[in-house]
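Here is input_12.txt, consisting of compact mmCIF, C-alpha atoms and all ligand atoms:
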```txt
# COMPACT_ATOMS: atom_id res chain seq x y z
CA MET P 334 195.20 41.85 187.59
CA PRO P 335 191.96 43.09 189.19
CA PRO P 336 189.06 43.79 186.88
CA SER P 337 188.78 47.38 185.74
CA PRO P 338 185.95 49.44 187.23
CA SER P 339 184.17 49.35 183.88
CA ARG P 340 184.07 45.54 183.97
CA ILE P 341 182.63 45.60 187.48
CA VAL P 342 179.91 48.05 186.47
CA GLN P 343 178.89 46.20 183.34
CA PRO P 344 176.80 43.43 185.01
CA ALA P 345 174.87 46.04 187.00
CA ILE P 346 174.10 47.95 183.83
CA LEU P 347 173.04 44.72 182.14
CA ILE P 348 170.69 43.87 185.01
CA ALA P 349 169.21 47.38 184.84
CA ILE P 350 168.67 47.06 181.09
CA LEU P 351 167.02 43.66 181.50
CA ALA P 352 164.77 45.06 184.25
CA VAL P 353 163.63 47.95 182.04
CA THR P 354 163.11 45.62 179.08
CA SER P 355 161.05 43.28 181.23
CA ALA P 356 158.93 46.13 182.56
CA ASN P 357 158.26 47.35 179.02
CA ALA P 358 157.31 43.87 177.90
CA GLN P 359 154.81 43.55 180.72
CA SER P 360 153.22 46.94 180.04
CA ALA P 361 153.12 46.56 176.28
CA SER P 362 150.16 44.21 175.88
CA PRO P 363 148.81 45.45 172.57
CA ALA P 364 145.46 47.20 172.45
CA PRO P 365 142.89 44.90 170.82
CA PRO P 366 141.04 46.01 167.71
CA PRO P 367 137.52 47.32 168.31
CA ASN P 368 134.82 44.93 169.46
CA PRO P 369 131.59 46.01 167.71
CA THR P 370 129.43 44.45 170.45
CA GLU P 371 130.78 47.06 172.88
CA LEU P 372 130.22 49.98 170.54
CA ARG P 373 127.39 52.16 169.23
CA VAL P 374 127.31 52.61 165.47
CA ILE P 375 127.39 56.25 164.39
CA TYR P 376 127.42 55.49 160.69
CA SER P 377 127.79 52.47 158.43
CA SER P 378 127.79 52.01 154.66
CA GLY P 379 128.51 49.20 152.23
CA PHE P 380 128.55 51.70 149.32
CA GLU P 381 125.78 49.89 147.46
CA ASP P 382 124.44 53.10 145.88
CA ALA P 383 125.16 56.82 145.65
CA ASP P 384 122.79 57.62 148.54
CA TRP P 385 125.66 57.00 150.96
CA LEU P 386 126.85 60.56 150.32
CA SER P 387 123.64 62.11 151.65
CA ASP P 388 124.95 61.68 155.20
CA TRP P 389 128.18 63.58 154.54
CA ASN P 390 129.29 67.22 154.33
CA ASP P 391 131.76 68.68 151.82
CA VAL P 392 130.75 66.33 149.04
CA GLY P 393 132.57 67.97 146.14
CA HIS P 394 134.52 65.85 143.65
CA ARG P 395 131.48 63.59 143.19
CA GLN P 396 132.82 62.42 139.84
CA ASN P 397 135.72 60.79 141.71
CA MET P 398 133.43 58.71 143.97
CA GLN P 399 131.57 55.90 142.22
CA CYS P 400 129.85 52.80 143.61
CA VAL P 401 131.04 50.00 141.32
CA ASP P 402 130.78 46.24 141.04
CA PRO P 403 134.30 44.78 141.49
CA SER P 404 133.52 42.14 138.88
CA ASP P 405 133.20 44.95 136.31
CA ARG P 406 136.67 46.26 137.12
CA SER P 407 139.97 44.75 136.06
CA ASP P 408 142.07 46.49 138.73
CA VAL P 409 140.35 45.30 141.91
CA PRO P 410 140.00 41.68 143.02
CA ALA P 411 136.58 40.19 143.62
CA PRO P 412 135.38 40.01 147.21
CA SER P 413 137.68 37.70 149.07
CA GLY P 414 134.99 35.26 150.15
CA ASP P 415 135.59 35.80 153.85
CA GLY P 416 132.43 37.84 154.13
CA ARG P 417 134.18 41.18 154.56
CA SER P 418 133.65 42.70 151.14
CA THR P 419 130.28 42.24 149.49
CA GLY P 420 128.31 43.75 146.65
CA LYS P 421 129.43 47.08 145.30
CA VAL P 422 132.44 48.99 146.57
CA LEU P 423 133.39 52.67 146.53
CA GLN P 424 135.89 53.50 143.79
CA VAL P 425 137.84 56.71 144.49
CA THR P 426 139.67 58.10 141.46
CA VAL P 427 142.59 60.52 141.52
CA ALA P 428 142.72 61.93 138.01
CA LYS P 429 145.89 62.39 135.95
CA ASP P 430 147.39 65.80 136.77
CA GLY P 431 145.04 66.10 139.75
CA HIS P 432 145.21 66.20 143.56
CA TYR P 433 141.70 64.97 144.57
CA GLY P 434 140.42 62.22 145.35
CA CYS P 435 137.67 63.18 147.62
CA ALA P 436 137.18 64.93 150.95
CA PRO P 437 133.70 64.40 152.42
CA GLN P 438 133.32 64.68 156.20
CA LEU P 439 130.98 62.72 158.46
CA MET P 440 130.08 65.29 161.14
CA PHE P 441 129.66 63.64 164.55
CA GLN P 442 127.51 66.48 165.97
CA ARG P 443 125.00 65.94 163.17
CA HIS P 444 124.74 62.20 163.81
CA LEU P 445 125.07 62.04 167.61
CA GLY P 446 123.74 65.43 168.74
CA SER P 447 127.02 66.07 170.55
CA LEU P 448 130.73 65.60 170.01
CA PRO P 449 132.15 62.25 171.13
CA ASP P 450 135.41 61.92 173.07
CA GLU P 451 136.41 58.77 171.20
CA VAL P 452 135.55 57.16 167.87
CA TYR P 453 136.54 53.97 166.06
CA ALA P 454 136.61 53.71 162.27
CA SER P 455 136.61 50.39 160.45
CA TYR P 456 136.81 49.77 156.72
CA ASP P 457 138.13 47.50 153.98
CA VAL P 458 140.50 48.96 151.41
CA CYS P 459 142.20 47.80 148.23
CA PHE P 460 144.72 49.91 146.36
CA ALA P 461 144.84 49.24 142.61
CA ASP P 462 148.24 48.63 141.01
CA ASN P 463 148.02 52.13 139.52
CA PHE P 464 148.06 53.53 143.08
CA SER P 465 151.78 52.65 143.40
CA GLY P 466 153.98 55.66 144.05
CA TYR P 467 151.23 57.60 145.83
CA GLY P 468 152.20 60.21 148.36
CA GLY P 469 149.43 62.15 150.07
CA LYS P 470 146.39 62.08 152.32
CA ALA P 471 144.05 59.31 153.42
CA PRO P 472 140.99 58.97 155.70
CA GLY P 473 141.29 60.08 159.32
CA TRP P 474 140.15 62.51 162.02
CA SER P 475 139.36 66.23 162.01
CA GLY P 476 138.86 68.90 164.63
CA ILE P 477 139.41 71.74 162.20
CA GLU P 478 138.06 75.20 162.96
CA SER P 479 139.88 78.01 161.16
CA VAL P 480 143.14 76.11 160.59
CA GLY P 481 144.90 72.87 161.47
CA TRP P 482 145.53 71.46 158.00
CA GLY P 483 147.11 72.32 154.63
CA GLY P 484 150.19 74.22 155.83
CA LYS P 485 148.11 76.21 158.36
CA PRO P 486 149.57 74.98 161.67
CA SER P 487 147.64 74.33 164.85
CA ASP P 488 148.30 76.15 168.11
CA GLY P 489 145.83 74.00 170.00
CA ILE P 490 143.20 76.75 169.93
CA ASN P 491 142.37 77.13 166.26
CA GLY P 492 141.92 73.57 165.00
CA TRP P 493 143.64 70.20 164.66
CA SER P 494 143.51 67.18 162.41
CA ALA P 495 144.92 63.66 162.14
CA ARG P 496 144.14 62.49 158.65
CA GLY P 497 145.69 59.36 157.34
CA GLY P 498 148.82 59.69 155.27
CA ILE P 499 150.22 57.41 152.57
CA HIS P 500 153.82 57.27 151.38
CA THR P 501 155.73 54.86 149.18
CA ASN P 502 158.41 52.75 150.85
CA ASP P 503 161.78 52.00 149.25
CA ASP P 504 160.61 48.46 148.42
CA GLY P 505 157.56 49.81 146.57
CA THR P 506 155.00 48.93 149.23
CA LEU P 507 152.70 51.66 150.51
CA GLY P 508 153.19 52.92 154.06
CA LEU P 509 150.45 54.45 156.20
CA SER P 510 150.49 57.09 158.92
CA TYR P 511 148.52 59.75 160.73
CA TYR P 512 149.34 63.15 159.22
CA THR P 513 148.74 65.25 162.29
CA TYR P 514 148.31 68.96 162.99
CA HIS P 515 148.37 69.18 166.79
CA ALA P 516 148.96 71.61 169.66
CA ARG P 517 152.65 70.78 170.03
CA MET P 518 153.60 70.84 166.35
CA ARG P 519 156.67 72.95 165.52
CA GLY P 520 156.64 73.57 161.80
CA LYS P 521 154.26 74.77 159.14
CA TYR P 522 153.20 71.28 158.11
CA GLY P 523 151.81 68.40 160.14
CA ASP P 524 153.81 65.63 161.77
CA SER P 525 153.69 62.17 160.20
CA PHE P 526 153.12 59.48 162.83
CA ARG P 527 153.99 56.37 160.82
CA TRP P 528 152.30 53.01 161.26
CA THR P 529 154.98 50.36 161.79
CA GLY P 530 155.51 46.61 161.65
CA PRO P 531 155.16 44.00 158.92
CA ALA P 532 151.37 44.44 158.71
CA ALA P 533 151.84 48.13 157.84
CA ALA P 534 153.62 47.43 154.53
CA ILE P 535 150.69 47.57 152.13
CA LYS P 536 150.68 45.87 148.74
CA THR P 537 148.48 46.80 145.82
CA GLY P 538 145.85 44.47 144.40
CA ARG P 539 144.57 42.92 147.64
CA TRP P 540 142.03 43.82 150.29
CA TYR P 541 143.07 44.93 153.79
CA HIS P 542 140.96 45.61 156.86
CA ILE P 543 141.81 48.88 158.61
CA ASP P 544 140.73 49.92 162.10
CA GLN P 545 141.43 53.37 163.49
CA TYR P 546 140.81 54.89 166.93
CA CYS P 547 140.97 58.45 168.17
CA LYS P 548 140.43 59.70 171.73
CA ILE P 549 140.59 63.46 172.11
CA ASN P 550 142.97 64.73 174.80
CA THR P 551 142.13 66.55 178.01
CA PRO P 552 142.60 70.22 177.00
CA GLY P 553 146.24 71.19 177.54
CA ARG P 554 147.42 67.70 178.46
CA PRO P 555 149.30 65.17 176.29
CA ASP P 556 146.90 62.28 176.88
CA GLY P 557 145.14 61.96 173.53
CA VAL P 558 145.19 58.56 171.82
CA LEU P 559 145.72 57.61 168.18
CA ARG P 560 145.71 53.93 167.31
CA ALA P 561 145.58 51.91 164.08
CA TRP P 562 145.34 48.25 163.16
CA VAL P 563 145.90 46.52 159.80
CA ASP P 564 144.20 43.12 159.48
CA GLY P 565 143.86 43.09 163.27
CA GLU P 566 147.55 43.83 163.95
CA LEU P 567 148.27 46.93 166.03
CA VAL P 568 150.52 49.17 163.92
CA LEU P 569 150.36 52.43 165.92
CA ASP P 570 149.63 53.05 169.60
CA MET P 571 150.18 56.66 170.68
CA THR P 572 148.80 57.72 174.05
CA ASP P 573 150.48 61.11 174.41
CA VAL P 574 148.95 63.18 171.64
CA GLN P 575 147.97 66.76 172.47
CA MET P 576 145.41 67.71 169.87
CA ARG P 577 143.98 70.74 171.71
CA ASN P 578 144.53 73.25 174.49
CA THR P 579 140.86 74.23 174.85
CA ASP P 580 137.53 72.45 175.15
CA GLN P 581 136.31 74.72 172.36
CA LEU P 582 137.95 72.23 170.01
CA GLY P 583 136.67 68.68 169.73
CA LEU P 584 136.64 65.48 167.71
CA LYS P 585 134.38 66.84 164.98
CA SER P 586 134.43 64.53 161.99
CA TYR P 587 135.75 61.57 160.10
CA TRP P 588 137.44 62.98 157.03
CA LEU P 589 137.25 60.61 154.06
CA ASN P 590 140.11 62.29 152.27
CA TYR P 591 142.26 61.11 149.40
CA TYR P 592 144.51 63.87 148.10
CA TYR P 593 147.66 63.41 146.05
CA GLY P 594 150.40 65.74 147.38
CA GLY P 595 151.73 68.09 148.66
CA LYS P 596 152.34 70.24 145.72
CA GLY P 597 152.94 67.67 142.99
CA VAL P 598 150.05 66.27 140.97
CA SER P 599 149.40 62.64 140.11
CA ALA P 600 151.26 61.63 136.94
CA HIS P 601 148.48 59.23 135.98
CA GLU P 602 145.01 58.13 137.04
CA ARG P 603 144.92 56.20 140.33
CA HIS P 604 142.19 54.11 141.99
CA VAL P 605 141.53 53.04 145.56
CA TYR P 606 138.55 50.91 146.58
CA LEU P 607 136.69 50.97 149.92
CA ASP P 608 133.92 48.90 151.45
CA ASN P 609 132.14 48.36 154.76
CA LEU P 610 132.96 51.68 156.40
CA THR P 611 131.66 51.83 159.98
CA LEU P 612 132.14 54.58 162.55
CA MET P 613 131.51 53.64 166.18
CA THR P 614 131.73 55.15 169.66
CA PRO P 615 131.55 53.46 173.07
CA LYS P 616 128.04 52.86 174.37
CA GLN P 617 126.99 55.36 177.03
CA CA P 701 129.61 46.76 149.57
```
Would you encode the structure as structure tokens?
Ligand SMILES: [Ca+2]
Amino acid sequence: MPPSPSRIVQPAILIAILAVTSANAQSASPAPPPNPTELRVIYSSGFEDADWLSDWNDVGHRQNMQCVDPSDRSDVPAPSGDGRSTGKVLQVTVAKDGHYGCAPQLMFQRHLGSLPDEVYASYDVCFADNFSGYGGKAPGWSGIESVGWGGKPSDGINGWSARGGIHTNDDGTLGLSYYTYHARMRGKYGDSFRWTGPAAAIKTGRWYHIDQYCKINTPGRPDGVLRAWVDGELVLDMTDVQMRNTDQLGLKSYWLNYYYGGKGVSAHERHVYLDNLTLMTPKQ
């Protein structure tokens, strides 16, 4: 009995699939984490004293931002000895029955004299055990004008943002994302672009190194870039983000935001610790 047409076609389909897979493999060399020697530092702090806030805007919730010695705290491990975390660290507290956290913004215009097209952020972070179950906002990027956050959607003209997001996975680990209000969003609330891979499953009680990268899109075109790395592993690589439809919007600030919710409040006090925050842009 001759083979059915479907059996004849199958090898051709298989070859086509293999060809596409091979092409993807060749084009998918992961973007490397930032190389500081190729970058200009916009801002850097080791959070050794409260003066770090003098460089930031929107510095409410000061009581939630304390520079502390990890050896005085029972819920954060001592510096790991690899040279990454030294001296004091920034303790951010989300109070019981509260949303914030903190929300200061490092304004790039103020520090560079103009708005950059692309910025890297680099920091160390440790979530205390009491941070388990968190769902809400985390540090990221802002191009907000009148709207583009908080249930006020972007149309690409009036503002955009790509803060970090944190959710709790089924296995209890914390998951990270970019919570993004962008020109092509459909609903009232931002889209969650989740960081993926084994490195993106975050445990409490240990330090991680986070790198983030944002390149603003050409107005009206889906060519903006959002990337993230955890301990040097690429966990998100989007190159088709359309933040804006006009050059009147830009990459305005790094938004050091921790906010519990949504609408629900934190059932108990939570702590997250940061150190060695550096913001960088390519040298001219
Ligand atoms: Ca420090």
> Mind pulling up the distance from atom CA of P:Gly498 to atom CA of P:Thr572?
Replying inline: 18.9 Å
> Counting all atoms listed in the file, what is within 7 Å of P:Ala454, bar same-chain residues fewer than 6 positions away, as a PyMOL selection string?
Replying inline: chain P and resi 544-546+611-613
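With distances restricted to only C-alpha atoms, P:Ala534 is the closest residue to P:His500 from P:Ala428, P:Ala534, P:Val374, P:Ala516.
Residues in contact with ligand CA 701 (chain P) comprise Ser378, Gly379, Phe380, Glu381, Ser418, Thr419, Gly420, Lys421, Val422, Leu423, Asp608 and Asn609 of chain P, where contact means an atom-to-atom distance of at most 8 Å counting only C-alpha atoms and all ligand atoms.
Close contacts of P:Tyr591, defined as residues with an atom at most 7 Å away when counting all atoms listed in the file, with chain neighbours fewer than 2 positions off set aside, comprise P:Tyr433, P:Gly434, P:Cys435, P:Ala436, P:Lys470, P:Ala471, P:Pro472, P:Leu589, P:Tyr593.
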Who sits within 7 Å of P:Thr501, all atoms listed in the file, same chain under 4 positions skipped, as an mmCIF file with C-alpha atoms, in the coordinates of the input:
```
data_model
loop_
_atom_site.group_PDB
_atom_site.id
_atom_site.type_symbol
_atom_site.label_atom_id
_atom_site.label_comp_id
_atom_site.auth_asym_id
_atom_site.auth_seq_id
_atom_site.Cartn_x
_atom_site.Cartn_y
_atom_site.Cartn_z
ATOM 1 C CA GLY P 466 153.980 55.660 144.050
ATOM 2 C CA TYR P 467 151.230 57.600 145.830
ATOM 3 C CA GLY P 468 152.200 60.210 148.360
ATOM 4 C CA GLY P 505 157.560 49.810 146.570
ATOM 5 C CA THR P 506 155.000 48.930 149.230
ATOM 6 C CA LEU P 507 152.700 51.660 150.510
ATOM 7 C CA GLY P 508 153.190 52.920 154.060
#
```
> Which is closer to P:Lys521 than all the others in P:Gly484, P:Gly473, P:Pro449, P:Gly492, using only C-alpha atoms?
Replying inline: P:Gly484
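Take atom CA of P:Asn390 and atom CA of P:Lys485: the distance between them is 21.2 Å.
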> What's the 10 Å shell around P:Glu371, counting all atoms listed in the file, without same-chain residues fewer than 5 positions away, as a list in words?
Replying inline: Met613, Thr614, Pro615 and Lys616 of chain P
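Shortest separation to P:Asp504 among P:Ile535, P:Arg560, P:Asn463, P:Asp524 occurs at residue P:Ile535, atoms counted being only C-alpha atoms.
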